[in-house]
>>> print(open('work.cif').read())   # mmCIF, C-alpha atoms
data_data
loop_
_atom_site.group_PDB
_atom_site.id
_atom_site.type_symbol
_atom_site.label_atom_id
_atom_site.label_comp_id
_atom_site.auth_asym_id
_atom_site.auth_seq_id
_atom_site.Cartn_x
_atom_site.Cartn_y
_atom_site.Cartn_z
ATOM 1 C CA MET A 25 0.000 0.000 0.000
ATOM 2 C CA LYS A 26 1.516 3.228 -1.157
ATOM 3 C CA GLU A 27 -0.584 5.808 0.682
ATOM 4 C CA ILE A 28 -1.043 6.641 4.346
ATOM 5 C CA ALA A 29 -4.757 7.034 3.535
ATOM 6 C CA LEU A 30 -4.923 3.404 2.353
ATOM 7 C CA HIS A 31 -3.274 2.153 5.552
ATOM 8 C CA LEU A 32 -5.808 4.172 7.557
ATOM 9 C CA LEU A 33 -8.585 2.537 5.531
ATOM 10 C CA ASP A 34 -7.105 -0.867 6.387
ATOM 11 C CA LEU A 35 -7.010 0.026 10.097
ATOM 12 C CA ALA A 36 -10.566 1.365 9.919
ATOM 13 C CA GLU A 37 -11.734 -1.979 8.517
ATOM 14 C CA ASN A 38 -10.110 -3.654 11.541
ATOM 15 C CA SER A 39 -12.115 -1.340 13.811
ATOM 16 C CA VAL A 40 -15.306 -2.296 11.972
ATOM 17 C CA SER A 41 -14.432 -6.008 12.327
ATOM 18 C CA ALA A 42 -13.851 -5.409 16.043
ATOM 19 C CA GLY A 43 -17.480 -4.343 16.382
ATOM 20 C CA ALA A 44 -16.847 -0.628 16.887
ATOM 21 C CA LYS A 45 -19.825 1.734 17.022
ATOM 22 C CA THR A 46 -17.783 4.929 16.831
ATOM 23 C CA VAL A 47 -14.487 5.342 14.990
ATOM 24 C CA LYS A 48 -12.427 8.536 15.073
ATOM 25 C CA ILE A 49 -9.625 9.177 12.621
ATOM 26 C CA ASN A 50 -7.277 12.121 13.102
ATOM 27 C CA VAL A 51 -4.678 13.231 10.608
ATOM 28 C CA CYS A 52 -2.320 16.130 11.210
ATOM 29 C CA GLU A 53 0.243 17.520 8.824
ATOM 30 C CA ASP A 54 2.443 19.720 10.964
ATOM 31 C CA GLN A 55 5.155 21.517 9.048
ATOM 32 C CA ASN A 56 6.079 23.583 12.108
ATOM 33 C CA ALA A 57 7.179 20.426 13.917
ATOM 34 C CA ASP A 58 8.003 18.551 10.663
ATOM 35 C CA LEU A 59 5.612 15.765 11.615
ATOM 36 C CA LEU A 60 2.808 13.878 9.944
ATOM 37 C CA THR A 61 0.736 12.101 12.560
ATOM 38 C CA ALA A 62 -2.386 9.997 12.317
ATOM 39 C CA SER A 63 -4.464 8.140 14.837
ATOM 40 C CA ILE A 64 -7.488 5.902 14.786
ATOM 41 C CA GLU A 65 -9.553 5.317 17.860
ATOM 42 C CA ASP A 66 -12.433 2.876 18.198
ATOM 43 C CA ASP A 67 -14.756 1.484 20.853
ATOM 44 C CA GLY A 68 -14.537 -2.055 19.524
ATOM 45 C CA ARG A 69 -13.802 -5.164 21.515
ATOM 46 C CA GLY A 70 -10.114 -4.340 21.990
ATOM 47 C CA MET A 71 -7.130 -6.647 22.255
ATOM 48 C CA THR A 72 -5.139 -8.317 24.992
ATOM 49 C CA PRO A 73 -1.425 -7.391 25.266
ATOM 50 C CA GLU A 74 -0.624 -10.727 23.646
ATOM 51 C CA MET A 75 -2.831 -9.935 20.639
ATOM 52 C CA VAL A 76 -1.327 -6.457 20.333
ATOM 53 C CA LYS A 77 2.126 -7.995 20.214
ATOM 54 C CA MET A 78 1.001 -10.459 17.589
ATOM 55 C CA VAL A 79 -0.558 -7.925 15.235
ATOM 56 C CA THR A 80 2.516 -5.699 15.599
ATOM 57 C CA ASP A 81 5.258 -8.320 15.224
ATOM 58 C CA PRO A 82 3.673 -11.449 13.744
ATOM 59 C CA PHE A 83 7.031 -13.183 13.267
ATOM 60 C CA VAL A 84 8.255 -13.017 16.852
ATOM 61 C CA THR A 85 5.332 -14.768 18.484
ATOM 62 C CA SER A 86 4.901 -18.498 18.729
ATOM 63 C CA ARG A 87 1.150 -18.440 18.608
ATOM 64 C CA THR A 88 -0.178 -19.669 15.284
ATOM 65 C CA THR A 89 -3.830 -20.242 16.068
ATOM 66 C CA ARG A 90 -5.059 -17.016 14.532
ATOM 67 C CA LYS A 91 -4.393 -15.665 11.097
ATOM 68 C CA VAL A 92 -2.901 -12.198 11.283
ATOM 69 C CA GLY A 93 -2.408 -9.827 8.363
ATOM 70 C CA LEU A 94 0.670 -7.806 7.594
ATOM 71 C CA GLY A 95 -1.051 -4.444 7.348
ATOM 72 C CA ILE A 96 0.092 -3.125 10.736
ATOM 73 C CA PRO A 97 3.690 -4.454 10.652
ATOM 74 C CA LEU A 98 4.245 -2.921 7.207
ATOM 75 C CA PHE A 99 2.773 0.419 8.269
ATOM 76 C CA LYS A 100 4.962 0.356 11.393
ATOM 77 C CA ALA A 101 8.078 -0.428 9.358
ATOM 78 C CA ALA A 102 7.272 2.418 6.960
ATOM 79 C CA ALA A 103 6.898 4.865 9.873
ATOM 80 C CA GLU A 104 10.119 3.731 11.541
ATOM 81 C CA ALA A 105 12.023 4.082 8.271
ATOM 82 C CA CYS A 106 10.929 7.746 8.213
ATOM 83 C CA GLY A 107 11.936 8.807 11.705
ATOM 84 C CA GLY A 108 8.555 7.978 13.193
ATOM 85 C CA ASN A 109 6.806 5.148 14.981
ATOM 86 C CA LEU A 110 3.549 3.273 15.433
ATOM 87 C CA SER A 111 2.009 2.437 18.780
ATOM 88 C CA ILE A 112 -1.106 0.558 19.819
ATOM 89 C CA HIS A 113 -3.027 1.083 23.038
ATOM 90 C CA SER A 114 -5.814 -1.391 23.487
ATOM 91 C CA THR A 115 -8.051 -2.508 26.323
ATOM 92 C CA PRO A 116 -10.276 -5.565 25.954
ATOM 93 C CA GLY A 117 -13.912 -4.498 26.101
ATOM 94 C CA VAL A 118 -13.068 -0.813 25.763
ATOM 95 C CA GLY A 119 -11.399 -0.232 22.430
ATOM 96 C CA THR A 120 -8.209 0.383 20.531
ATOM 97 C CA ARG A 121 -6.177 3.440 19.679
ATOM 98 C CA ILE A 122 -3.409 3.285 17.100
ATOM 99 C CA GLN A 123 -1.062 6.192 16.597
ATOM 100 C CA VAL A 124 1.466 6.617 13.838
ATOM 101 C CA SER A 125 3.975 9.333 13.043
ATOM 102 C CA PHE A 126 6.340 10.175 10.223
ATOM 103 C CA GLN A 127 8.921 12.895 9.727
ATOM 104 C CA HIS A 128 6.879 15.058 7.340
ATOM 105 C CA SER A 129 9.799 16.062 5.110
ATOM 106 C CA HIS A 130 11.410 12.616 5.025
ATOM 107 C CA ILE A 131 12.375 11.729 1.462
ATOM 108 C CA ASP A 132 11.026 8.173 1.793
ATOM 109 C CA ARG A 133 7.727 9.099 3.428
ATOM 110 C CA MET A 134 4.788 7.671 1.521
ATOM 111 C CA PRO A 135 2.286 10.300 0.363
ATOM 112 C CA LEU A 136 -0.745 11.033 2.495
ATOM 113 C CA GLY A 137 -2.890 9.985 -0.472
ATOM 114 C CA ASN A 138 -6.558 10.487 -1.118
ATOM 115 C CA LEU A 139 -8.130 11.165 2.284
ATOM 116 C CA PRO A 140 -11.475 12.437 0.906
ATOM 117 C CA ALA A 141 -12.056 9.205 -1.091
ATOM 118 C CA THR A 142 -11.071 7.099 1.915
ATOM 119 C CA PHE A 143 -13.368 8.990 4.276
ATOM 120 C CA LEU A 144 -16.292 9.119 1.833
ATOM 121 C CA GLY A 145 -16.095 5.353 1.260
ATOM 122 C CA LEU A 146 -16.069 4.594 4.980
ATOM 123 C CA SER A 147 -18.924 6.943 5.816
ATOM 124 C CA VAL A 148 -21.136 5.791 2.933
ATOM 125 C CA ALA A 149 -20.345 2.065 2.864
ATOM 126 C CA HIS A 150 -20.420 1.537 6.644
ATOM 127 C CA PRO A 151 -23.449 3.700 7.455
ATOM 128 C CA GLU A 152 -24.126 1.864 10.738
ATOM 129 C CA ILE A 153 -20.933 3.305 12.219
ATOM 130 C CA HIS A 154 -20.503 6.796 13.600
ATOM 131 C CA TRP A 155 -17.441 8.262 11.889
ATOM 132 C CA VAL A 156 -15.519 11.318 13.024
ATOM 133 C CA PHE A 157 -12.736 12.471 10.719
ATOM 134 C CA ARG A 158 -10.372 15.299 11.577
ATOM 135 C CA TYR A 159 -7.700 16.770 9.403
ATOM 136 C CA THR A 160 -5.411 19.537 10.642
ATOM 137 C CA ALA A 161 -2.727 21.406 8.734
ATOM 138 C CA ARG A 162 -0.112 23.418 10.598
ATOM 139 C CA ALA A 163 2.434 25.696 8.949
ATOM 140 C CA ASN A 164 3.993 29.099 9.570
ATOM 141 C CA GLY A 165 2.684 29.070 13.113
ATOM 142 C CA THR A 166 -0.954 28.839 12.019
ATOM 143 C CA GLU A 167 -3.443 26.007 12.078
ATOM 144 C CA GLU A 168 -6.309 25.019 9.772
ATOM 145 C CA PRO A 169 -8.616 22.340 11.152
ATOM 146 C CA PHE A 170 -11.320 20.420 9.318
ATOM 147 C CA GLU A 171 -13.833 18.121 10.921
ATOM 148 C CA TYR A 172 -16.375 15.722 9.457
ATOM 149 C CA ASP A 173 -18.724 14.141 11.961
ATOM 150 C CA ASP A 174 -21.346 12.042 10.207
ATOM 151 C CA GLN A 175 -23.792 11.792 13.118
ATOM 152 C CA PRO A 176 -25.564 15.130 12.498
ATOM 153 C CA ILE A 177 -25.441 14.352 8.771
ATOM 154 C CA LYS A 178 -27.180 11.014 9.197
ATOM 155 C CA GLU A 179 -29.735 12.564 11.548
ATOM 156 C CA THR A 180 -30.504 15.200 8.932
ATOM 157 C CA LEU A 181 -30.873 12.551 6.210
ATOM 158 C CA ASP A 182 -33.670 10.983 8.271
ATOM 159 C CA GLY A 183 -34.509 8.123 5.905
ATOM 160 C CA LEU A 184 -32.950 9.540 2.751
ATOM 161 C CA PRO A 185 -30.307 6.987 1.673
ATOM 162 C CA ILE A 186 -26.730 8.162 2.097
ATOM 163 C CA THR A 187 -26.131 6.811 -1.424
ATOM 164 C CA HIS A 188 -28.642 9.242 -2.926
ATOM 165 C CA PRO A 189 -26.710 10.891 -5.803
ATOM 166 C CA GLU A 190 -27.114 14.428 -4.480
ATOM 167 C CA VAL A 191 -26.125 13.383 -0.986
ATOM 168 C CA LEU A 192 -23.014 11.701 -2.403
ATOM 169 C CA ALA A 193 -22.126 14.884 -4.274
ATOM 170 C CA TYR A 194 -22.693 16.932 -1.143
ATOM 171 C CA LEU A 195 -20.529 14.694 1.057
ATOM 172 C CA ARG A 196 -17.785 14.387 -1.554
ATOM 173 C CA ASN A 197 -17.617 18.159 -2.015
ATOM 174 C CA MET A 198 -17.625 18.714 1.733
ATOM 175 C CA LEU A 199 -14.646 16.380 2.220
ATOM 176 C CA GLU A 200 -12.697 17.442 -0.851
ATOM 177 C CA GLU A 201 -13.203 21.165 -0.299
ATOM 178 C CA GLY A 202 -12.760 21.023 3.470
ATOM 179 C CA ILE A 203 -9.503 19.089 3.410
ATOM 180 C CA GLY A 204 -8.297 20.932 0.297
ATOM 181 C CA ALA A 205 -8.896 24.308 1.950
ATOM 182 C CA ALA A 206 -6.997 23.297 5.084
ATOM 183 C CA GLN A 207 -4.081 22.053 2.984
ATOM 184 C CA GLN A 208 -3.740 25.464 1.339
ATOM 185 C CA ILE A 209 -1.523 26.710 4.174
ATOM 186 C CA LEU A 210 1.061 23.947 3.655
ATOM 187 C CA LYS A 211 4.247 24.807 1.804
ATOM 188 C CA GLU A 212 5.400 22.751 -1.147
ATOM 189 C CA MET B 18 -16.603 26.076 10.438
ATOM 190 C CA PRO B 19 -19.163 26.001 7.587
ATOM 191 C CA THR B 20 -20.943 22.962 9.071
ATOM 192 C CA VAL B 21 -24.152 24.722 10.158
ATOM 193 C CA LYS B 22 -24.870 26.153 6.732
ATOM 194 C CA SER B 23 -23.917 22.794 5.204
ATOM 195 C CA LEU B 24 -26.606 20.955 7.129
ATOM 196 C CA GLU B 25 -29.148 23.444 5.803
ATOM 197 C CA ASP B 26 -28.044 22.497 2.287
ATOM 198 C CA LEU B 27 -28.521 18.855 3.160
ATOM 199 C CA LYS B 28 -32.033 19.571 4.445
ATOM 200 C CA LYS B 29 -32.858 21.147 1.072
ATOM 201 C CA ILE B 30 -31.607 18.031 -0.728
ATOM 202 C CA ARG B 31 -33.831 15.965 1.544
ATOM 203 C CA GLU B 32 -36.892 18.129 0.900
ATOM 204 C CA GLU B 33 -36.397 17.925 -2.858
ATOM 205 C CA ALA B 34 -35.996 14.137 -2.667
ATOM 206 C CA LEU B 35 -39.150 13.925 -0.535
ATOM 207 C CA LYS B 36 -41.123 15.742 -3.245
ATOM 208 C CA LYS B 37 -39.837 13.240 -5.786
ATOM 209 C CA ARG B 38 -40.775 10.366 -3.440
ATOM 210 C CA GLU B 39 -37.224 9.095 -3.280
ATOM 211 C CA ILE B 40 -37.361 8.297 0.411
ATOM 212 C CA LYS B 41 -38.276 4.717 1.177
ATOM 213 C CA SER B 42 -38.082 2.752 4.366
ATOM 214 C CA ALA B 43 -37.072 -0.432 2.510
ATOM 215 C CA PRO B 44 -33.409 -0.877 1.585
ATOM 216 C CA GLY B 45 -32.411 -0.109 -1.995
ATOM 217 C CA SER B 46 -33.362 -2.633 -4.635
ATOM 218 C CA VAL B 47 -29.738 -2.893 -5.761
ATOM 219 C CA GLN B 48 -27.032 -3.877 -3.309
ATOM 220 C CA ILE B 49 -23.364 -3.527 -4.145
ATOM 221 C CA VAL B 50 -20.668 -4.856 -1.828
ATOM 222 C CA VAL B 51 -16.977 -4.078 -2.286
ATOM 223 C CA GLY B 52 -14.356 -6.225 -0.534
ATOM 224 C CA MET B 53 -12.186 -3.867 1.506
ATOM 225 C CA GLY B 54 -9.920 -6.238 3.431
ATOM 226 C CA THR B 55 -6.147 -5.738 3.272
ATOM 227 C CA PRO B 56 -5.774 -7.690 -0.015
ATOM 228 C CA GLY B 57 -8.658 -5.770 -1.564
ATOM 229 C CA ILE B 58 -7.234 -2.394 -0.569
ATOM 230 C CA ALA B 59 -3.774 -3.386 -1.826
ATOM 231 C CA ALA B 60 -5.322 -4.423 -5.159
ATOM 232 C CA GLY B 61 -7.070 -1.046 -5.577
ATOM 233 C CA ALA B 62 -10.535 -1.595 -4.066
ATOM 234 C CA ARG B 63 -10.787 2.008 -2.847
ATOM 235 C CA GLU B 64 -10.530 3.272 -6.436
ATOM 236 C CA THR B 65 -13.157 0.714 -7.464
ATOM 237 C CA LEU B 66 -15.529 1.938 -4.736
ATOM 238 C CA LYS B 67 -14.807 5.549 -5.691
ATOM 239 C CA GLU B 68 -15.727 4.816 -9.320
ATOM 240 C CA ILE B 69 -18.993 3.147 -8.236
ATOM 241 C CA LEU B 70 -19.941 6.161 -6.082
ATOM 242 C CA ASN B 71 -18.940 8.552 -8.881
ATOM 243 C CA PHE B 72 -21.115 6.619 -11.330
ATOM 244 C CA ILE B 73 -24.140 6.807 -9.006
ATOM 245 C CA GLU B 74 -23.571 10.538 -8.622
ATOM 246 C CA GLU B 75 -22.970 11.155 -12.326
ATOM 247 C CA LYS B 76 -25.985 9.168 -13.573
ATOM 248 C CA SER B 77 -28.253 10.226 -10.663
ATOM 249 C CA LEU B 78 -29.091 6.636 -9.766
ATOM 250 C CA THR B 79 -31.309 5.989 -6.755
ATOM 251 C CA ASN B 80 -32.247 2.895 -4.751
ATOM 252 C CA ILE B 81 -28.698 1.566 -4.607
ATOM 253 C CA THR B 82 -27.073 0.493 -1.366
ATOM 254 C CA VAL B 83 -23.281 0.362 -1.327
ATOM 255 C CA ARG B 84 -21.364 -1.474 1.364
ATOM 256 C CA GLN B 85 -17.802 -2.390 1.989
ATOM 257 C CA THR B 86 -16.817 -5.544 3.771
ATOM 258 C CA GLY B 87 -13.720 -7.236 5.168
ATOM 259 C CA ASN B 88 -11.621 -9.959 3.654
ATOM 260 C CA ILE B 89 -13.574 -12.218 1.293
ATOM 261 C CA GLY B 90 -10.851 -14.879 1.122
ATOM 262 C CA ARG B 91 -10.282 -15.055 -2.607
ATOM 263 C CA ASP B 92 -7.204 -12.842 -2.686
ATOM 264 C CA SER B 93 -6.141 -13.520 -6.257
ATOM 265 C CA TRP B 94 -9.490 -12.135 -7.494
ATOM 266 C CA GLU B 95 -9.318 -8.794 -5.695
ATOM 267 C CA PRO B 96 -10.769 -6.231 -6.040
ATOM 268 C CA ILE B 97 -14.018 -8.158 -5.599
ATOM 269 C CA VAL B 98 -17.477 -6.656 -6.056
ATOM 270 C CA GLN B 99 -20.793 -8.363 -5.429
ATOM 271 C CA VAL B 100 -24.011 -7.164 -7.042
ATOM 272 C CA VAL B 101 -27.482 -8.193 -5.920
ATOM 273 C CA ILE B 102 -30.494 -6.896 -7.825
ATOM 274 C CA GLY B 103 -33.847 -7.473 -6.147
ATOM 275 C CA ASP B 104 -34.492 -11.190 -5.631
ATOM 276 C CA GLU B 105 -31.950 -12.311 -8.207
ATOM 277 C CA PRO B 106 -28.999 -14.406 -7.011
ATOM 278 C CA ALA B 107 -25.841 -12.495 -6.065
ATOM 279 C CA VAL B 108 -23.246 -12.094 -8.801
ATOM 280 C CA THR B 109 -19.620 -11.950 -7.651
ATOM 281 C CA TYR B 110 -17.149 -10.145 -9.857
ATOM 282 C CA GLY B 111 -13.352 -10.333 -9.605
ATOM 283 C CA LYS B 112 -10.440 -8.150 -10.711
ATOM 284 C CA VAL B 113 -12.799 -5.194 -10.773
ATOM 285 C CA THR B 114 -10.683 -2.241 -11.836
ATOM 286 C CA PRO B 115 -12.394 1.176 -11.962
ATOM 287 C CA ALA B 116 -12.996 0.629 -15.711
ATOM 288 C CA ALA B 117 -14.528 -2.790 -15.014
ATOM 289 C CA ALA B 118 -16.660 -1.266 -12.252
ATOM 290 C CA ARG B 119 -18.017 1.278 -14.708
ATOM 291 C CA GLN B 120 -18.858 -1.479 -17.182
ATOM 292 C CA ILE B 121 -20.624 -3.489 -14.455
ATOM 293 C CA MET B 122 -22.588 -0.420 -13.366
ATOM 294 C CA GLU B 123 -23.649 0.362 -16.935
ATOM 295 C CA GLN B 124 -24.476 -3.144 -18.110
ATOM 296 C CA HIS B 125 -25.602 -4.987 -14.958
ATOM 297 C CA VAL B 126 -26.864 -2.408 -12.462
ATOM 298 C CA VAL B 127 -28.501 -0.145 -15.065
ATOM 299 C CA GLY B 128 -28.965 -2.582 -17.979
ATOM 300 C CA GLY B 129 -29.798 -5.711 -15.982
ATOM 301 C CA LYS B 130 -27.345 -7.887 -17.905
ATOM 302 C CA VAL B 131 -24.593 -9.796 -16.050
ATOM 303 C CA VAL B 132 -21.083 -8.932 -17.291
ATOM 304 C CA ASN B 133 -19.731 -12.462 -17.758
ATOM 305 C CA ASP B 134 -16.136 -11.375 -18.420
ATOM 306 C CA TYR B 135 -15.640 -10.460 -14.758
ATOM 307 C CA VAL B 136 -17.733 -13.098 -13.005
ATOM 308 C CA ILE B 137 -15.630 -15.246 -10.660
ATOM 309 C CA PRO B 138 -16.055 -18.925 -11.513
ATOM 310 C CA ALA B 139 -17.561 -20.763 -8.559
#
>>> encode(input="work.cif", output="structure tokens")
Amino acid sequence: MKEIALHLLDLAENSVSAGAKTVKINVCEDQNADLLTASIEDDGRGMTPEMVKMVTDPFVTSRTTRKVGLGIPLFKAAAEACGGNLSIHSTPGVGTRIQVSFQHSHIDRMPLGNLPATFLGLSVAHPEIHWVFRYTARANGTEEPFEYDDQPIKETLDGLPITHPEVLAYLRNMLEEGIGAAQQILKE
Amino acid sequence: MPTVKSLEDLKKIREEALKKREIKSAPGSVQIVVGMGTPGIAAGARETLKEILNFIEEKSLTNITVRQTGNIGRDSWEPIVQVVIGDEPAVTYGKVTPAAARQIMEQHVVGGKVVNDYVIPA
């Protein structure tokens, strides 16, 4: 996977599989601190410390009873190769929070990728979940935040399908324009 | 934050749709499911989903439900898309690139004809 946005999508699917009702994704491009950070927080079933270890380093555990993907280890390796890291905080029965960071200007850092398409897909194609997406750009000492919380949106829809063409256009524009506007303050 | 005004816009969309009787309590008559597990994402499933949503928007199609799901378990066929129209049996398509997705939307979802070239053999 060649985009941070695609890795976040992969993590979001894990949250859905874990039975989460609310999932919050935060992305921050901070050129003041030369950091790109992202986090995903869910209220799913959570993991034991043993499971956390297994999803992070699948080759150093002896347990083979459960199939574990390579999404998280590869994302972690990519972050560590760019002066950053990935950490998982999880409590069984409470939820999971995964945080990742990259040196923003690192030559090998994968691009952020298409956040609006990622967020639109999640919000539309998992309508039973409450999604909160935040994107923040920081540069030259200023900050531009954008937030998309789909709870008030779904309440307003009140029976109108989220896949209605005009609703799709509305949501897509909201995400594309909102994130695009915040990104304006970033330097090339 | 422009959110407050935005919700007003959404209310207008809802009112217009209500006039055109586009609000139904039953789920849409067409269901589309895109496999979005790790193998699906790596194979380009997000672009496939994006194309499907763009097509719905572009052609103003209603009564379609779109879902994404976890790993389907047929990795070599990713991206995988399943289409169910009304009471007809589900059709599972494999290697659905954005171009293939567009073809499936045009010929199967709109035209009612299964696109055999992309159907995964059982």
>>> residues_around(input="work.cif", residues="Thr65 of chain B", least_positions_apart="3", cutoff="12 Å", atoms="all atoms listed in the file", output="MDAnalysis selection string")
(chainID A and resid 141:142 145) or (chainID B and resid 49:53 57:62 68:72 83 85 95:98 110:122)
>>> atom_distance(input="work.cif", atom1="atom CA of Thr46 of chain A", atom2="atom CA of Val47 of chain B")
26.7 Å
>>> closest_residue(input="work.cif", among="B:Thr86, B:Gln124, B:Asn133, B:Thr109", to="Glu37 of chain A", atoms="only C-alpha atoms")
B:Thr86
>>> interface_residues(input="work.cif", of="chain A", to="chain B", cutoff="6 Å", atoms="only C-alpha atoms", output="mmCIF file with C-alpha atoms, in the frame of the given file")
data_model
loop_
_atom_site.group_PDB
_atom_site.id
_atom_site.type_symbol
_atom_site.label_atom_id
_atom_site.label_comp_id
_atom_site.auth_asym_id
_atom_site.auth_seq_id
_atom_site.Cartn_x
_atom_site.Cartn_y
_atom_site.Cartn_z
ATOM 1 C CA MET A 25 0.000 0.000 0.000
ATOM 2 C CA ASP A 34 -7.105 -0.867 6.387
ATOM 3 C CA ALA A 149 -20.345 2.065 2.864
ATOM 4 C CA LEU A 184 -32.950 9.540 2.751
ATOM 5 C CA HIS A 188 -28.642 9.242 -2.926
ATOM 6 C CA PRO A 189 -26.710 10.891 -5.803
#
>>> atom_distance(input="work.cif", atom1="atom CA of Arg69 of chain A", atom2="atom CA of His113 of chain A")
12.5 Å
>>> residues_around(input="work.cif", residues="segment 56-61 of chain A", least_positions_apart="3", cutoff="9 Å", atoms="only C-alpha atoms", output="list in words")
Asn50, Val51, Cys52, Glu53, Gly108, Gln123, Val124, Ser125, Phe126, Gln127, His128, Ser129, His130, Leu136, Arg162, Ala163, Asn164, Gly165 and Thr166 of chain A
>>> atom_distance(input="work.cif", atom1="atom CA of Asp66 of chain A", atom2="atom CA of Pro135 of chain A")
24.3 Å
>>> axis_aligned_box(input="work.cif", around="segment 47-53 of chain A", padding_each_side="4 Å", output="AutoDock Vina command-line options")
--center_x -7.1 --center_y 11.4 --center_z 11.9 --size_x 22.7 --size_y 20.2 --size_z 14.2
>>> resolve_selection(input="work.cif", expression="the PyMOL selection byres ((chain A and resi 119) around 10)", output="PyMOL selection string")
chain A and resi 39+42-44+46-47+65-71+113-118+120-121
>>> write_last_selection(input="work.cif", atoms="C-alpha atoms", output="PDB file, in the coordinates of the input")
ATOM      1  CA  SER A  39     -12.115  -1.340  13.811  1.00  0.00           C
ATOM      2  CA  ALA A  42     -13.851  -5.409  16.043  1.00  0.00           C
ATOM      3  CA  GLY A  43     -17.480  -4.343  16.382  1.00  0.00           C
ATOM      4  CA  ALA A  44     -16.847  -0.628  16.887  1.00  0.00           C
ATOM      5  CA  THR A  46     -17.783   4.929  16.831  1.00  0.00           C
ATOM      6  CA  VAL A  47     -14.487   5.342  14.990  1.00  0.00           C
ATOM      7  CA  GLU A  65      -9.553   5.317  17.860  1.00  0.00           C
ATOM      8  CA  ASP A  66     -12.433   2.876  18.198  1.00  0.00           C
ATOM      9  CA  ASP A  67     -14.756   1.484  20.853  1.00  0.00           C
ATOM     10  CA  GLY A  68     -14.537  -2.055  19.524  1.00  0.00           C
ATOM     11  CA  ARG A  69     -13.802  -5.164  21.515  1.00  0.00           C
ATOM     12  CA  GLY A  70     -10.114  -4.340  21.990  1.00  0.00           C
ATOM     13  CA  MET A  71      -7.130  -6.647  22.255  1.00  0.00           C
ATOM     14  CA  HIS A 113      -3.027   1.083  23.038  1.00  0.00           C
ATOM     15  CA  SER A 114      -5.814  -1.391  23.487  1.00  0.00           C
ATOM     16  CA  THR A 115      -8.051  -2.508  26.323  1.00  0.00           C
ATOM     17  CA  PRO A 116     -10.276  -5.565  25.954  1.00  0.00           C
ATOM     18  CA  GLY A 117     -13.912  -4.498  26.101  1.00  0.00           C
ATOM     19  CA  VAL A 118     -13.068  -0.813  25.763  1.00  0.00           C
ATOM     20  CA  THR A 120      -8.209   0.383  20.531  1.00  0.00           C
ATOM     21  CA  ARG A 121      -6.177   3.440  19.679  1.00  0.00           C
TER      22      ARG A 121
END
>>> residues_around(input="work.cif", residues="Gln208 of chain A", least_positions_apart="4", cutoff="9 Å", atoms="all atoms listed in the file", output="number ranges by chain")
A: 161, 168, 203-204
>>> resolve_selection(input="work.cif", expression="the PyMOL selection byres ((chain A and resi 139) around 9)", output="MDAnalysis selection string")
chainID A and resid 28:30 136:138 140:144 199:200 203
>>> decode(input="work.cif", residues="segment 127-139 of chain B", atoms="N, CA and C atoms", output="mmCIF file, in the first residue's frame")
data_model
loop_
_atom_site.group_PDB
_atom_site.id
_atom_site.type_symbol
_atom_site.label_atom_id
_atom_site.label_comp_id
_atom_site.auth_asym_id
_atom_site.auth_seq_id
_atom_site.Cartn_x
_atom_site.Cartn_y
_atom_site.Cartn_z
ATOM 1 N N VAL B 127 -27.533 -0.935 -14.302
ATOM 2 C CA VAL B 127 -28.501 -0.145 -15.065
ATOM 3 C C VAL B 127 -29.196 -1.013 -16.116
ATOM 4 N N GLY B 128 -28.424 -1.819 -16.847
ATOM 5 C CA GLY B 128 -28.965 -2.582 -17.979
ATOM 6 C C GLY B 128 -29.558 -3.937 -17.618
ATOM 7 N N GLY B 129 -29.230 -4.432 -16.415
ATOM 8 C CA GLY B 129 -29.798 -5.711 -15.982
ATOM 9 C C GLY B 129 -29.142 -6.948 -16.579
ATOM 10 N N LYS B 130 -28.000 -6.753 -17.252
ATOM 11 C CA LYS B 130 -27.345 -7.887 -17.905
ATOM 12 C C LYS B 130 -26.002 -8.171 -17.230
ATOM 13 N N VAL B 131 -25.833 -9.409 -16.743
ATOM 14 C CA VAL B 131 -24.593 -9.796 -16.050
ATOM 15 C C VAL B 131 -23.402 -9.666 -17.001
ATOM 16 N N VAL B 132 -22.290 -9.093 -16.475
ATOM 17 C CA VAL B 132 -21.083 -8.932 -17.291
ATOM 18 C C VAL B 132 -20.196 -10.167 -17.086
ATOM 19 N N ASN B 133 -20.374 -11.161 -17.960
ATOM 20 C CA ASN B 133 -19.731 -12.462 -17.758
ATOM 21 C C ASN B 133 -18.204 -12.414 -17.686
ATOM 22 N N ASP B 134 -17.610 -11.458 -18.386
ATOM 23 C CA ASP B 134 -16.136 -11.375 -18.420
ATOM 24 C C ASP B 134 -15.512 -11.264 -17.036
ATOM 25 N N TYR B 135 -16.229 -10.692 -16.082
ATOM 26 C CA TYR B 135 -15.640 -10.460 -14.758
ATOM 27 C C TYR B 135 -16.215 -11.351 -13.662
ATOM 28 N N VAL B 136 -17.134 -12.231 -14.024
ATOM 29 C CA VAL B 136 -17.733 -13.098 -13.005
ATOM 30 C C VAL B 136 -16.700 -14.123 -12.534
ATOM 31 N N ILE B 137 -16.565 -14.270 -11.220
ATOM 32 C CA ILE B 137 -15.630 -15.246 -10.660
ATOM 33 C C ILE B 137 -16.240 -16.638 -10.800
ATOM 34 N N PRO B 138 -15.510 -17.573 -11.421
ATOM 35 C CA PRO B 138 -16.055 -18.925 -11.513
ATOM 36 C C PRO B 138 -16.209 -19.531 -10.121
ATOM 37 N N ALA B 139 -17.282 -20.213 -9.890
ATOM 38 C CA ALA B 139 -17.561 -20.763 -8.559
ATOM 39 C C ALA B 139 -16.560 -21.853 -8.185
#
